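Just query-v2.txt here, compact mmCIF, N, CA and C atoms:
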```
# COMPACT_ATOMS: atom_id res chain seq x y z
N MET A 1 36.51 -216.61 137.48
CA MET A 1 36.10 -215.60 136.51
C MET A 1 37.28 -215.18 135.65
N HIS A 2 38.40 -214.90 136.31
CA HIS A 2 39.60 -214.47 135.58
C HIS A 2 40.05 -215.55 134.60
N ALA A 3 39.97 -216.80 135.01
CA ALA A 3 40.39 -217.91 134.15
C ALA A 3 39.51 -218.00 132.91
N LYS A 4 38.20 -217.75 133.09
CA LYS A 4 37.28 -217.78 131.94
C LYS A 4 37.62 -216.68 130.94
N VAL A 5 37.89 -215.49 131.44
CA VAL A 5 38.23 -214.36 130.56
C VAL A 5 39.54 -214.65 129.84
N THR A 6 40.52 -215.15 130.56
CA THR A 6 41.81 -215.47 129.95
C THR A 6 41.65 -216.53 128.87
N GLU A 7 40.87 -217.56 129.16
CA GLU A 7 40.64 -218.61 128.17
C GLU A 7 39.92 -218.07 126.94
N ARG A 8 38.94 -217.22 127.16
CA ARG A 8 38.19 -216.64 126.02
C ARG A 8 39.11 -215.77 125.18
N LEU A 9 39.97 -215.00 125.81
CA LEU A 9 40.93 -214.18 125.06
C LEU A 9 41.87 -215.05 124.23
N ARG A 10 42.29 -216.15 124.79
CA ARG A 10 43.17 -217.07 124.07
C ARG A 10 42.44 -217.64 122.84
N GLU A 11 41.17 -218.02 123.02
CA GLU A 11 40.38 -218.54 121.90
C GLU A 11 40.24 -217.52 120.79
N VAL A 12 39.93 -216.29 121.16
CA VAL A 12 39.73 -215.24 120.17
C VAL A 12 41.00 -214.99 119.39
N THR A 13 42.13 -214.90 120.08
CA THR A 13 43.38 -214.61 119.39
C THR A 13 43.83 -215.77 118.53
N GLN A 14 43.47 -217.00 118.89
CA GLN A 14 43.88 -218.15 118.09
C GLN A 14 42.97 -218.37 116.89
N THR A 15 41.73 -217.94 116.94
CA THR A 15 40.81 -218.19 115.84
C THR A 15 40.88 -217.11 114.76
N HIS A 16 41.48 -215.97 115.07
CA HIS A 16 41.60 -214.92 114.08
C HIS A 16 42.89 -215.08 113.30
N ALA A 17 42.76 -215.15 112.01
CA ALA A 17 43.96 -215.26 111.17
C ALA A 17 44.71 -213.93 111.22
N PRO A 18 46.03 -213.99 111.12
CA PRO A 18 46.78 -212.74 111.11
C PRO A 18 46.41 -211.92 109.87
N PRO A 19 46.45 -210.60 109.99
CA PRO A 19 46.07 -209.77 108.85
C PRO A 19 47.06 -209.95 107.71
N SER A 20 46.58 -209.76 106.51
CA SER A 20 47.47 -209.85 105.35
C SER A 20 48.45 -208.69 105.35
N ARG A 21 49.51 -208.86 104.62
CA ARG A 21 50.51 -207.79 104.51
C ARG A 21 49.88 -206.54 103.90
N THR A 22 49.00 -206.72 102.94
CA THR A 22 48.32 -205.59 102.30
C THR A 22 47.47 -204.83 103.31
N ALA A 23 46.78 -205.56 104.19
CA ALA A 23 45.94 -204.91 105.21
C ALA A 23 46.80 -204.12 106.18
N VAL A 24 47.93 -204.68 106.57
CA VAL A 24 48.82 -203.99 107.50
C VAL A 24 49.38 -202.72 106.86
N ILE A 25 49.79 -202.82 105.60
CA ILE A 25 50.31 -201.64 104.89
C ILE A 25 49.21 -200.58 104.74
N GLY A 26 48.01 -201.03 104.38
CA GLY A 26 46.87 -200.10 104.27
C GLY A 26 46.56 -199.43 105.59
N TYR A 27 46.62 -200.20 106.67
CA TYR A 27 46.37 -199.65 108.00
C TYR A 27 47.36 -198.53 108.30
N TRP A 28 48.65 -198.79 108.07
CA TRP A 28 49.67 -197.79 108.41
C TRP A 28 49.61 -196.58 107.51
N ILE A 29 49.29 -196.76 106.25
CA ILE A 29 49.16 -195.61 105.34
C ILE A 29 48.01 -194.72 105.82
N CYS A 30 46.87 -195.32 106.09
CA CYS A 30 45.70 -194.54 106.54
C CYS A 30 45.95 -193.90 107.90
N THR A 31 46.57 -194.65 108.81
CA THR A 31 46.82 -194.13 110.15
C THR A 31 47.80 -192.97 110.09
N LEU A 32 48.86 -193.11 109.32
CA LEU A 32 49.83 -192.01 109.19
C LEU A 32 49.21 -190.80 108.48
N PHE A 33 48.33 -191.06 107.51
CA PHE A 33 47.64 -189.98 106.79
C PHE A 33 46.80 -189.14 107.75
N VAL A 34 46.29 -189.77 108.79
CA VAL A 34 45.48 -189.06 109.79
C VAL A 34 46.34 -188.51 110.92
N ALA A 35 47.24 -189.34 111.46
CA ALA A 35 47.97 -188.97 112.67
C ALA A 35 49.00 -187.86 112.45
N MET A 36 49.74 -187.92 111.37
CA MET A 36 50.79 -186.91 111.17
C MET A 36 50.22 -185.50 111.00
N PRO A 37 49.22 -185.31 110.14
CA PRO A 37 48.62 -183.97 110.07
C PRO A 37 47.96 -183.55 111.38
N ALA A 38 47.41 -184.51 112.13
CA ALA A 38 46.79 -184.17 113.42
C ALA A 38 47.84 -183.66 114.40
N LEU A 39 49.02 -184.25 114.38
CA LEU A 39 50.11 -183.76 115.24
C LEU A 39 50.48 -182.32 114.88
N VAL A 40 50.66 -182.08 113.59
CA VAL A 40 51.05 -180.73 113.13
C VAL A 40 49.92 -179.73 113.39
N ALA A 41 48.70 -180.11 113.01
CA ALA A 41 47.56 -179.21 113.19
C ALA A 41 47.31 -178.93 114.67
N GLY A 42 47.47 -179.96 115.51
CA GLY A 42 47.29 -179.76 116.94
C GLY A 42 48.30 -178.78 117.50
N ALA A 43 49.55 -178.92 117.10
CA ALA A 43 50.58 -177.98 117.57
C ALA A 43 50.28 -176.57 117.07
N MET A 44 49.85 -176.45 115.83
CA MET A 44 49.51 -175.13 115.29
C MET A 44 48.32 -174.52 116.04
N ASP A 45 47.35 -175.35 116.38
CA ASP A 45 46.19 -174.86 117.14
C ASP A 45 46.60 -174.37 118.53
N VAL A 46 47.42 -175.17 119.21
CA VAL A 46 47.86 -174.79 120.56
C VAL A 46 48.63 -173.47 120.52
N LEU A 47 49.46 -173.30 119.50
CA LEU A 47 50.29 -172.09 119.38
C LEU A 47 49.57 -170.93 118.68
N HIS A 48 48.34 -171.16 118.25
CA HIS A 48 47.52 -170.15 117.54
C HIS A 48 48.24 -169.65 116.28
N LEU A 49 48.81 -170.59 115.52
CA LEU A 49 49.53 -170.24 114.30
C LEU A 49 48.58 -170.24 113.10
N GLN A 50 48.90 -169.40 112.14
CA GLN A 50 48.15 -169.35 110.89
C GLN A 50 48.61 -170.49 109.99
N PRO A 51 47.81 -170.98 109.11
CA PRO A 51 46.47 -170.54 108.77
C PRO A 51 45.36 -171.19 109.59
N LEU A 52 45.70 -172.21 110.39
CA LEU A 52 44.64 -172.94 111.10
C LEU A 52 43.92 -172.10 112.14
N PHE A 53 44.65 -171.25 112.85
CA PHE A 53 43.99 -170.42 113.85
C PHE A 53 42.99 -169.48 113.18
N GLY A 54 43.39 -168.87 112.09
CA GLY A 54 42.48 -167.99 111.35
C GLY A 54 41.27 -168.73 110.82
N LEU A 55 41.47 -169.97 110.44
CA LEU A 55 40.36 -170.79 109.94
C LEU A 55 39.35 -171.07 111.04
N LEU A 56 39.82 -171.39 112.24
CA LEU A 56 38.91 -171.61 113.36
C LEU A 56 38.10 -170.35 113.69
N VAL A 57 38.77 -169.21 113.68
CA VAL A 57 38.08 -167.94 113.94
C VAL A 57 37.06 -167.66 112.83
N HIS A 58 37.46 -167.93 111.58
CA HIS A 58 36.55 -167.76 110.44
C HIS A 58 35.28 -168.60 110.60
N LEU A 59 35.44 -169.79 111.17
CA LEU A 59 34.30 -170.68 111.35
C LEU A 59 33.43 -170.29 112.54
N GLY A 60 33.89 -169.29 113.31
CA GLY A 60 33.08 -168.78 114.41
C GLY A 60 33.43 -169.33 115.78
N TYR A 61 34.51 -170.07 115.88
CA TYR A 61 34.90 -170.63 117.16
C TYR A 61 35.74 -169.62 117.95
N PRO A 62 35.62 -169.62 119.28
CA PRO A 62 36.43 -168.69 120.09
C PRO A 62 37.90 -169.11 120.09
N ALA A 63 38.78 -168.16 120.35
CA ALA A 63 40.22 -168.41 120.30
C ALA A 63 40.65 -169.51 121.26
N TYR A 64 40.07 -169.55 122.45
CA TYR A 64 40.49 -170.56 123.42
C TYR A 64 40.20 -171.98 122.94
N PHE A 65 39.24 -172.12 122.04
CA PHE A 65 38.88 -173.44 121.53
C PHE A 65 40.04 -174.05 120.74
N ALA A 66 40.86 -173.21 120.12
CA ALA A 66 42.02 -173.72 119.37
C ALA A 66 42.97 -174.47 120.30
N THR A 67 43.20 -173.92 121.47
CA THR A 67 44.10 -174.57 122.42
C THR A 67 43.53 -175.92 122.87
N LEU A 68 42.27 -175.93 123.23
CA LEU A 68 41.61 -177.15 123.67
C LEU A 68 41.63 -178.21 122.57
N LEU A 69 41.23 -177.81 121.38
CA LEU A 69 41.18 -178.74 120.25
C LEU A 69 42.58 -179.24 119.89
N GLY A 70 43.55 -178.34 119.94
CA GLY A 70 44.92 -178.72 119.59
C GLY A 70 45.50 -179.75 120.53
N ILE A 71 45.25 -179.59 121.82
CA ILE A 71 45.76 -180.56 122.79
C ILE A 71 45.16 -181.94 122.51
N TRP A 72 43.86 -182.00 122.26
CA TRP A 72 43.22 -183.29 121.99
C TRP A 72 43.67 -183.89 120.68
N LYS A 73 43.95 -183.06 119.67
CA LYS A 73 44.45 -183.59 118.40
C LYS A 73 45.81 -184.25 118.59
N VAL A 74 46.70 -183.59 119.31
CA VAL A 74 48.04 -184.14 119.55
C VAL A 74 47.94 -185.44 120.35
N LEU A 75 47.15 -185.44 121.41
CA LEU A 75 47.00 -186.66 122.21
C LEU A 75 46.38 -187.80 121.40
N GLY A 76 45.38 -187.48 120.59
CA GLY A 76 44.75 -188.51 119.76
C GLY A 76 45.71 -189.11 118.75
N ALA A 77 46.52 -188.28 118.14
CA ALA A 77 47.50 -188.77 117.17
C ALA A 77 48.53 -189.67 117.83
N ILE A 78 49.00 -189.26 119.01
CA ILE A 78 49.98 -190.07 119.74
C ILE A 78 49.38 -191.43 120.10
N VAL A 79 48.14 -191.44 120.54
CA VAL A 79 47.49 -192.69 120.93
C VAL A 79 47.33 -193.60 119.71
N LEU A 80 46.95 -193.05 118.57
CA LEU A 80 46.79 -193.89 117.38
C LEU A 80 48.11 -194.53 116.96
N LEU A 81 49.20 -193.83 117.14
CA LEU A 81 50.51 -194.35 116.72
C LEU A 81 51.15 -195.27 117.76
N ALA A 82 50.77 -195.13 119.01
CA ALA A 82 51.38 -195.93 120.08
C ALA A 82 50.91 -197.38 120.02
N PRO A 83 51.77 -198.30 120.45
CA PRO A 83 51.33 -199.70 120.49
C PRO A 83 50.36 -199.94 121.64
N ARG A 84 49.62 -201.02 121.51
CA ARG A 84 48.68 -201.48 122.53
C ARG A 84 47.60 -200.43 122.85
N THR A 85 47.17 -200.33 124.06
CA THR A 85 46.11 -199.42 124.55
C THR A 85 44.87 -199.37 123.65
N PRO A 86 44.25 -200.53 123.37
CA PRO A 86 43.11 -200.52 122.44
C PRO A 86 41.91 -199.72 122.92
N LEU A 87 41.64 -199.69 124.22
CA LEU A 87 40.49 -198.93 124.70
C LEU A 87 40.70 -197.43 124.47
N ILE A 88 41.89 -196.96 124.77
CA ILE A 88 42.18 -195.54 124.55
C ILE A 88 42.16 -195.22 123.05
N LYS A 89 42.59 -196.17 122.23
CA LYS A 89 42.54 -195.97 120.77
C LYS A 89 41.10 -195.77 120.29
N GLU A 90 40.18 -196.57 120.86
CA GLU A 90 38.77 -196.41 120.47
C GLU A 90 38.29 -194.99 120.78
N TRP A 91 38.70 -194.47 121.93
CA TRP A 91 38.33 -193.10 122.28
C TRP A 91 38.97 -192.10 121.33
N ALA A 92 40.21 -192.34 120.94
CA ALA A 92 40.89 -191.45 120.01
C ALA A 92 40.19 -191.46 118.66
N TYR A 93 39.83 -192.64 118.17
CA TYR A 93 39.09 -192.72 116.91
C TYR A 93 37.77 -191.94 117.03
N ALA A 94 37.06 -192.13 118.12
CA ALA A 94 35.78 -191.44 118.30
C ALA A 94 35.98 -189.92 118.33
N GLY A 95 36.99 -189.47 119.05
CA GLY A 95 37.26 -188.03 119.11
C GLY A 95 37.60 -187.45 117.75
N MET A 96 38.38 -188.21 116.96
CA MET A 96 38.74 -187.71 115.63
C MET A 96 37.54 -187.72 114.68
N VAL A 97 36.65 -188.69 114.85
CA VAL A 97 35.41 -188.68 114.05
C VAL A 97 34.62 -187.41 114.36
N ILE A 98 34.52 -187.07 115.63
CA ILE A 98 33.81 -185.85 116.02
C ILE A 98 34.50 -184.62 115.45
N ASP A 99 35.83 -184.57 115.53
CA ASP A 99 36.59 -183.44 115.01
C ASP A 99 36.38 -183.27 113.51
N TYR A 100 36.59 -184.34 112.73
CA TYR A 100 36.50 -184.22 111.27
C TYR A 100 35.08 -184.00 110.79
N SER A 101 34.12 -184.67 111.41
CA SER A 101 32.73 -184.46 110.98
C SER A 101 32.27 -183.06 111.36
N SER A 102 32.72 -182.55 112.50
CA SER A 102 32.40 -181.17 112.88
C SER A 102 33.03 -180.18 111.92
N ALA A 103 34.23 -180.47 111.47
CA ALA A 103 34.89 -179.58 110.50
C ALA A 103 34.12 -179.56 109.18
N VAL A 104 33.68 -180.71 108.72
CA VAL A 104 32.88 -180.77 107.49
C VAL A 104 31.61 -179.93 107.64
N LEU A 105 30.90 -180.14 108.74
CA LEU A 105 29.64 -179.42 108.96
C LEU A 105 29.88 -177.92 109.17
N SER A 106 30.95 -177.57 109.87
CA SER A 106 31.26 -176.15 110.09
C SER A 106 31.58 -175.43 108.79
N HIS A 107 32.36 -176.07 107.93
CA HIS A 107 32.67 -175.47 106.63
C HIS A 107 31.41 -175.33 105.78
N ALA A 108 30.59 -176.35 105.80
CA ALA A 108 29.35 -176.29 105.01
C ALA A 108 28.43 -175.19 105.53
N ALA A 109 28.30 -175.08 106.85
CA ALA A 109 27.43 -174.06 107.45
C ALA A 109 27.97 -172.65 107.22
N SER A 110 29.28 -172.52 107.07
CA SER A 110 29.88 -171.20 106.84
C SER A 110 29.87 -170.80 105.37
N GLY A 111 29.38 -171.69 104.52
CA GLY A 111 29.32 -171.39 103.10
C GLY A 111 30.63 -171.61 102.37
N ASP A 112 31.58 -172.26 103.02
CA ASP A 112 32.84 -172.57 102.35
C ASP A 112 32.58 -173.60 101.25
N GLY A 113 33.39 -173.57 100.23
CA GLY A 113 33.19 -174.46 99.09
C GLY A 113 33.65 -175.88 99.35
N ALA A 114 33.52 -176.67 98.30
CA ALA A 114 33.88 -178.08 98.38
C ALA A 114 35.36 -178.28 98.69
N GLY A 115 36.20 -177.35 98.27
CA GLY A 115 37.63 -177.46 98.54
C GLY A 115 37.92 -177.45 100.04
N ALA A 116 37.21 -176.64 100.79
CA ALA A 116 37.42 -176.57 102.24
C ALA A 116 36.85 -177.81 102.93
N ILE A 117 35.84 -178.40 102.36
CA ILE A 117 35.20 -179.58 102.95
C ILE A 117 35.97 -180.85 102.61
N ALA A 118 36.67 -180.85 101.49
CA ALA A 118 37.35 -182.06 101.01
C ALA A 118 38.40 -182.57 101.99
N GLY A 119 39.18 -181.68 102.59
CA GLY A 119 40.24 -182.12 103.50
C GLY A 119 39.74 -182.90 104.68
N PRO A 120 38.83 -182.32 105.48
CA PRO A 120 38.33 -183.10 106.62
C PRO A 120 37.50 -184.31 106.19
N ALA A 121 36.84 -184.24 105.05
CA ALA A 121 36.06 -185.40 104.58
C ALA A 121 37.00 -186.55 104.20
N LEU A 122 38.09 -186.24 103.53
CA LEU A 122 39.07 -187.26 103.17
C LEU A 122 39.73 -187.84 104.42
N SER A 123 40.00 -186.98 105.40
CA SER A 123 40.56 -187.46 106.67
C SER A 123 39.59 -188.39 107.38
N LEU A 124 38.32 -188.10 107.29
CA LEU A 124 37.29 -188.95 107.89
C LEU A 124 37.28 -190.33 107.23
N VAL A 125 37.42 -190.36 105.92
CA VAL A 125 37.47 -191.64 105.19
C VAL A 125 38.72 -192.42 105.58
N ALA A 126 39.87 -191.75 105.63
CA ALA A 126 41.12 -192.42 106.02
C ALA A 126 41.04 -192.92 107.46
N LEU A 127 40.41 -192.15 108.33
CA LEU A 127 40.24 -192.56 109.73
C LEU A 127 39.39 -193.83 109.81
N ALA A 128 38.31 -193.88 109.05
CA ALA A 128 37.44 -195.06 109.04
C ALA A 128 38.20 -196.28 108.51
N ALA A 129 39.02 -196.08 107.48
CA ALA A 129 39.82 -197.18 106.94
C ALA A 129 40.86 -197.65 107.96
N SER A 130 41.49 -196.72 108.66
CA SER A 130 42.45 -197.07 109.70
C SER A 130 41.78 -197.91 110.78
N TRP A 131 40.62 -197.48 111.21
CA TRP A 131 39.89 -198.21 112.25
C TRP A 131 39.53 -199.61 111.76
N TYR A 132 39.04 -199.72 110.54
CA TYR A 132 38.61 -201.00 109.99
C TYR A 132 39.78 -201.96 109.81
N LEU A 133 40.92 -201.46 109.39
CA LEU A 133 42.09 -202.29 109.09
C LEU A 133 43.00 -202.55 110.28
N ARG A 134 42.70 -201.97 111.43
CA ARG A 134 43.63 -202.08 112.56
C ARG A 134 43.86 -203.55 112.93
N PRO A 135 45.12 -203.87 113.25
CA PRO A 135 45.46 -205.25 113.62
C PRO A 135 44.80 -205.66 114.94
N CYS A 136 44.74 -206.95 115.19
CA CYS A 136 44.10 -207.48 116.40
C CYS A 136 44.70 -206.91 117.67
N ALA A 137 46.01 -206.68 117.68
CA ALA A 137 46.66 -206.14 118.88
C ALA A 137 46.20 -204.72 119.19
N ARG A 138 45.59 -204.06 118.21
CA ARG A 138 45.12 -202.69 118.41
C ARG A 138 43.59 -202.63 118.52
N ARG A 139 42.97 -203.77 118.71
CA ARG A 139 41.52 -203.86 118.88
C ARG A 139 41.17 -204.27 120.30
N LEU A 140 39.96 -203.93 120.69
CA LEU A 140 39.46 -204.42 121.97
C LEU A 140 39.21 -205.91 121.86
N PRO A 141 39.55 -206.67 122.89
CA PRO A 141 39.27 -208.11 122.85
C PRO A 141 37.77 -208.37 122.83
N GLN A 142 37.36 -209.37 122.08
CA GLN A 142 35.96 -209.75 122.00
C GLN A 142 35.69 -210.83 123.05
N VAL A 143 34.97 -210.45 124.09
CA VAL A 143 34.66 -211.42 125.15
C VAL A 143 33.19 -211.69 125.23
```

Would you encode the structure as structure tokens?
Amino acid sequence: MHAKVTERLREVTQTHAPPSRTAVIGYWICTLFVAMPALVAGAMDVLHLQPLFGLLVHLGYPAYFATLLGIWKVLGAIVLLAPRTPLIKEWAYAGMVIDYSSAVLSHAASGDGAGAIAGPALSLVALAASWYLRPCARRLPQV
């Protein structure tokens, strides 16, 4: 069984052409666009610093939620930037999709304008581009 899986992994990695330089640059731009603000925002959430803490309270979330959300933002950003660990990366992408889409919906439900919705919506687009452009080493193997 192990030999079959190993052989299939070898086939998959040999049949996929390496990504173009443009795709790799696009991947890193989008990933850094998402990960760096997530690191900063996560730290601000954990420490209950303004303006992000006030924004969470404005949206109706309890104060303790900032700490919980902040820890997951920091961990997700670290995982996206770290090499390998493709399964954990998939979970980080999923968690960030939930975070950004929830932010869009929360701002819309609170009556905030398009300016408040634009940030998390743009982050959602960059996150999707990062996921789509990720190199083979950062993807789950296709077996």

- request: Skip segment 125-136 of chain A itself and residues of its chain fewer than 2 positions away, then list as a PyMOL selection string all residues within 6 Å of it, counting only N, CA and C atoms.
  value: chain A and resi 23+27+30-31+121-123+138-139

- request: Find the residues near Leu105 of chain A: any atom within 10 Å, counting only C-alpha atoms, skip ones fewer than 5 places away on the same chain, and give them as a ChimeraX atom specification.
  value: /A:100,110-111,117,120-121

field: Minimum-distance residue to Ala77 of chain A, chosen among A:Tyr61, A:Tyr93, A:Phe53, A:Trp28 (using only N, CA and C atoms)
entry: A:Tyr93

task: Skip Trp91 of chain A itself and residues of its chain fewer than 6 positions away, then list as a ChimeraX atom specification all residues within 10 Å of it, counting only C-alpha atoms.
output: /A:76,79-80,97

- prompt: Could you state the separation of atom C of Gly26 of chain A and atom N of Ser101 of chain A in Å, given to one decimal place?
  reply: 20.2 Å

message: Report, in Å to a single decimal, how far apart atom N of Ser106 of chain A and atom CA of Gln50 of chain A are.
response: 19.1 Å

- request: Between A:Leu39, A:Val24, A:Ala108, A:Leu49, single out the one closest to Val74 of chain A, counting only N, CA and C atoms.
  value: A:Leu39

- request: Excluding Asp45 of chain A and residues on its chain fewer than 5 positions from it, collect all residues at most 8 Å away from it, counting only C-alpha atoms, and give them as a ChimeraX atom specification.
  value: /A:52-53,66-67,69-70

Because some atoms of segment 106-116 of chain A are absent here, can you restore all heavy atoms and send them as a PDB file, in the frame of the given file?
```
ATOM      1  N   SER A 106      30.950-177.570 109.870  1.00  0.00           N
ATOM      2  CA  SER A 106      31.260-176.150 110.090  1.00  0.00           C
ATOM      3  C   SER A 106      31.580-175.430 108.790  1.00  0.00           C
ATOM      4  O   SER A 106      31.118-174.315 108.559  1.00  0.00           O
ATOM      5  CB  SER A 106      32.430-176.007 111.069  1.00  0.00           C
ATOM      6  OG  SER A 106      32.083-176.486 112.341  1.00  0.00           O
ATOM      7  N   HIS A 107      32.360-176.070 107.930  1.00  0.00           N
ATOM      8  CA  HIS A 107      32.670-175.470 106.630  1.00  0.00           C
ATOM      9  C   HIS A 107      31.410-175.330 105.780  1.00  0.00           C
ATOM     10  O   HIS A 107      31.202-174.304 105.124  1.00  0.00           O
ATOM     11  CB  HIS A 107      33.724-176.290 105.889  1.00  0.00           C
ATOM     12  CG  HIS A 107      35.112-176.080 106.387  1.00  0.00           C
ATOM     13  ND1 HIS A 107      35.778-174.885 106.262  1.00  0.00           N
ATOM     14  CD2 HIS A 107      35.966-176.923 107.023  1.00  0.00           C
ATOM     15  CE1 HIS A 107      36.985-174.991 106.789  1.00  0.00           C
ATOM     16  NE2 HIS A 107      37.117-176.224 107.266  1.00  0.00           N
ATOM     17  N   ALA A 108      30.590-176.350 105.800  1.00  0.00           N
ATOM     18  CA  ALA A 108      29.350-176.290 105.010  1.00  0.00           C
ATOM     19  C   ALA A 108      28.430-175.190 105.530  1.00  0.00           C
ATOM     20  O   ALA A 108      27.858-174.422 104.751  1.00  0.00           O
ATOM     21  CB  ALA A 108      28.639-177.645 105.057  1.00  0.00           C
ATOM     22  N   ALA A 109      28.300-175.080 106.850  1.00  0.00           N
ATOM     23  CA  ALA A 109      27.430-174.060 107.450  1.00  0.00           C
ATOM     24  C   ALA A 109      27.970-172.650 107.220  1.00  0.00           C
ATOM     25  O   ALA A 109      27.182-171.699 107.152  1.00  0.00           O
ATOM     26  CB  ALA A 109      27.275-174.315 108.946  1.00  0.00           C
ATOM     27  N   SER A 110      29.280-172.520 107.070  1.00  0.00           N
ATOM     28  CA  SER A 110      29.880-171.200 106.840  1.00  0.00           C
ATOM     29  C   SER A 110      29.870-170.800 105.370  1.00  0.00           C
ATOM     30  O   SER A 110      30.325-169.720 105.016  1.00  0.00           O
ATOM     31  CB  SER A 110      31.337-171.199 107.343  1.00  0.00           C
ATOM     32  OG  SER A 110      31.354-171.372 108.727  1.00  0.00           O
ATOM     33  N   GLY A 111      29.380-171.690 104.520  1.00  0.00           N
ATOM     34  CA  GLY A 111      29.320-171.390 103.100  1.00  0.00           C
ATOM     35  C   GLY A 111      30.630-171.610 102.370  1.00  0.00           C
ATOM     36  O   GLY A 111      30.788-171.166 101.235  1.00  0.00           O
ATOM     37  N   ASP A 112      31.580-172.260 103.020  1.00  0.00           N
ATOM     38  CA  ASP A 112      32.840-172.570 102.350  1.00  0.00           C
ATOM     39  C   ASP A 112      32.580-173.600 101.250  1.00  0.00           C
ATOM     40  O   ASP A 112      31.686-174.424 101.346  1.00  0.00           O
ATOM     41  CB  ASP A 112      33.858-173.113 103.341  1.00  0.00           C
ATOM     42  CG  ASP A 112      34.257-172.081 104.387  1.00  0.00           C
ATOM     43  OD1 ASP A 112      34.052-170.876 104.139  1.00  0.00           O
ATOM     44  OD2 ASP A 112      34.771-172.484 105.450  1.00  0.00           O
ATOM     45  N   GLY A 113      33.390-173.570 100.230  1.00  0.00           N
ATOM     46  CA  GLY A 113      33.190-174.460  99.090  1.00  0.00           C
ATOM     47  C   GLY A 113      33.650-175.880  99.350  1.00  0.00           C
ATOM     48  O   GLY A 113      34.132-176.228 100.423  1.00  0.00           O
ATOM     49  N   ALA A 114      33.520-176.670  98.300  1.00  0.00           N
ATOM     50  CA  ALA A 114      33.880-178.080  98.380  1.00  0.00           C
ATOM     51  C   ALA A 114      35.360-178.280  98.690  1.00  0.00           C
ATOM     52  O   ALA A 114      35.730-179.260  99.339  1.00  0.00           O
ATOM     53  CB  ALA A 114      33.523-178.778  97.067  1.00  0.00           C
ATOM     54  N   GLY A 115      36.200-177.350  98.270  1.00  0.00           N
ATOM     55  CA  GLY A 115      37.630-177.460  98.540  1.00  0.00           C
ATOM     56  C   GLY A 115      37.920-177.450 100.040  1.00  0.00           C
ATOM     57  O   GLY A 115      38.800-178.177 100.513  1.00  0.00           O
ATOM     58  N   ALA A 116      37.210-176.640 100.790  1.00  0.00           N
ATOM     59  CA  ALA A 116      37.420-176.570 102.240  1.00  0.00           C
ATOM     60  C   ALA A 116      36.850-177.810 102.930  1.00  0.00           C
ATOM     61  O   ALA A 116      37.359-178.221 103.970  1.00  0.00           O
ATOM     62  CB  ALA A 116      36.751-175.314 102.798  1.00  0.00           C
TER      63      ALA A 116
END
```
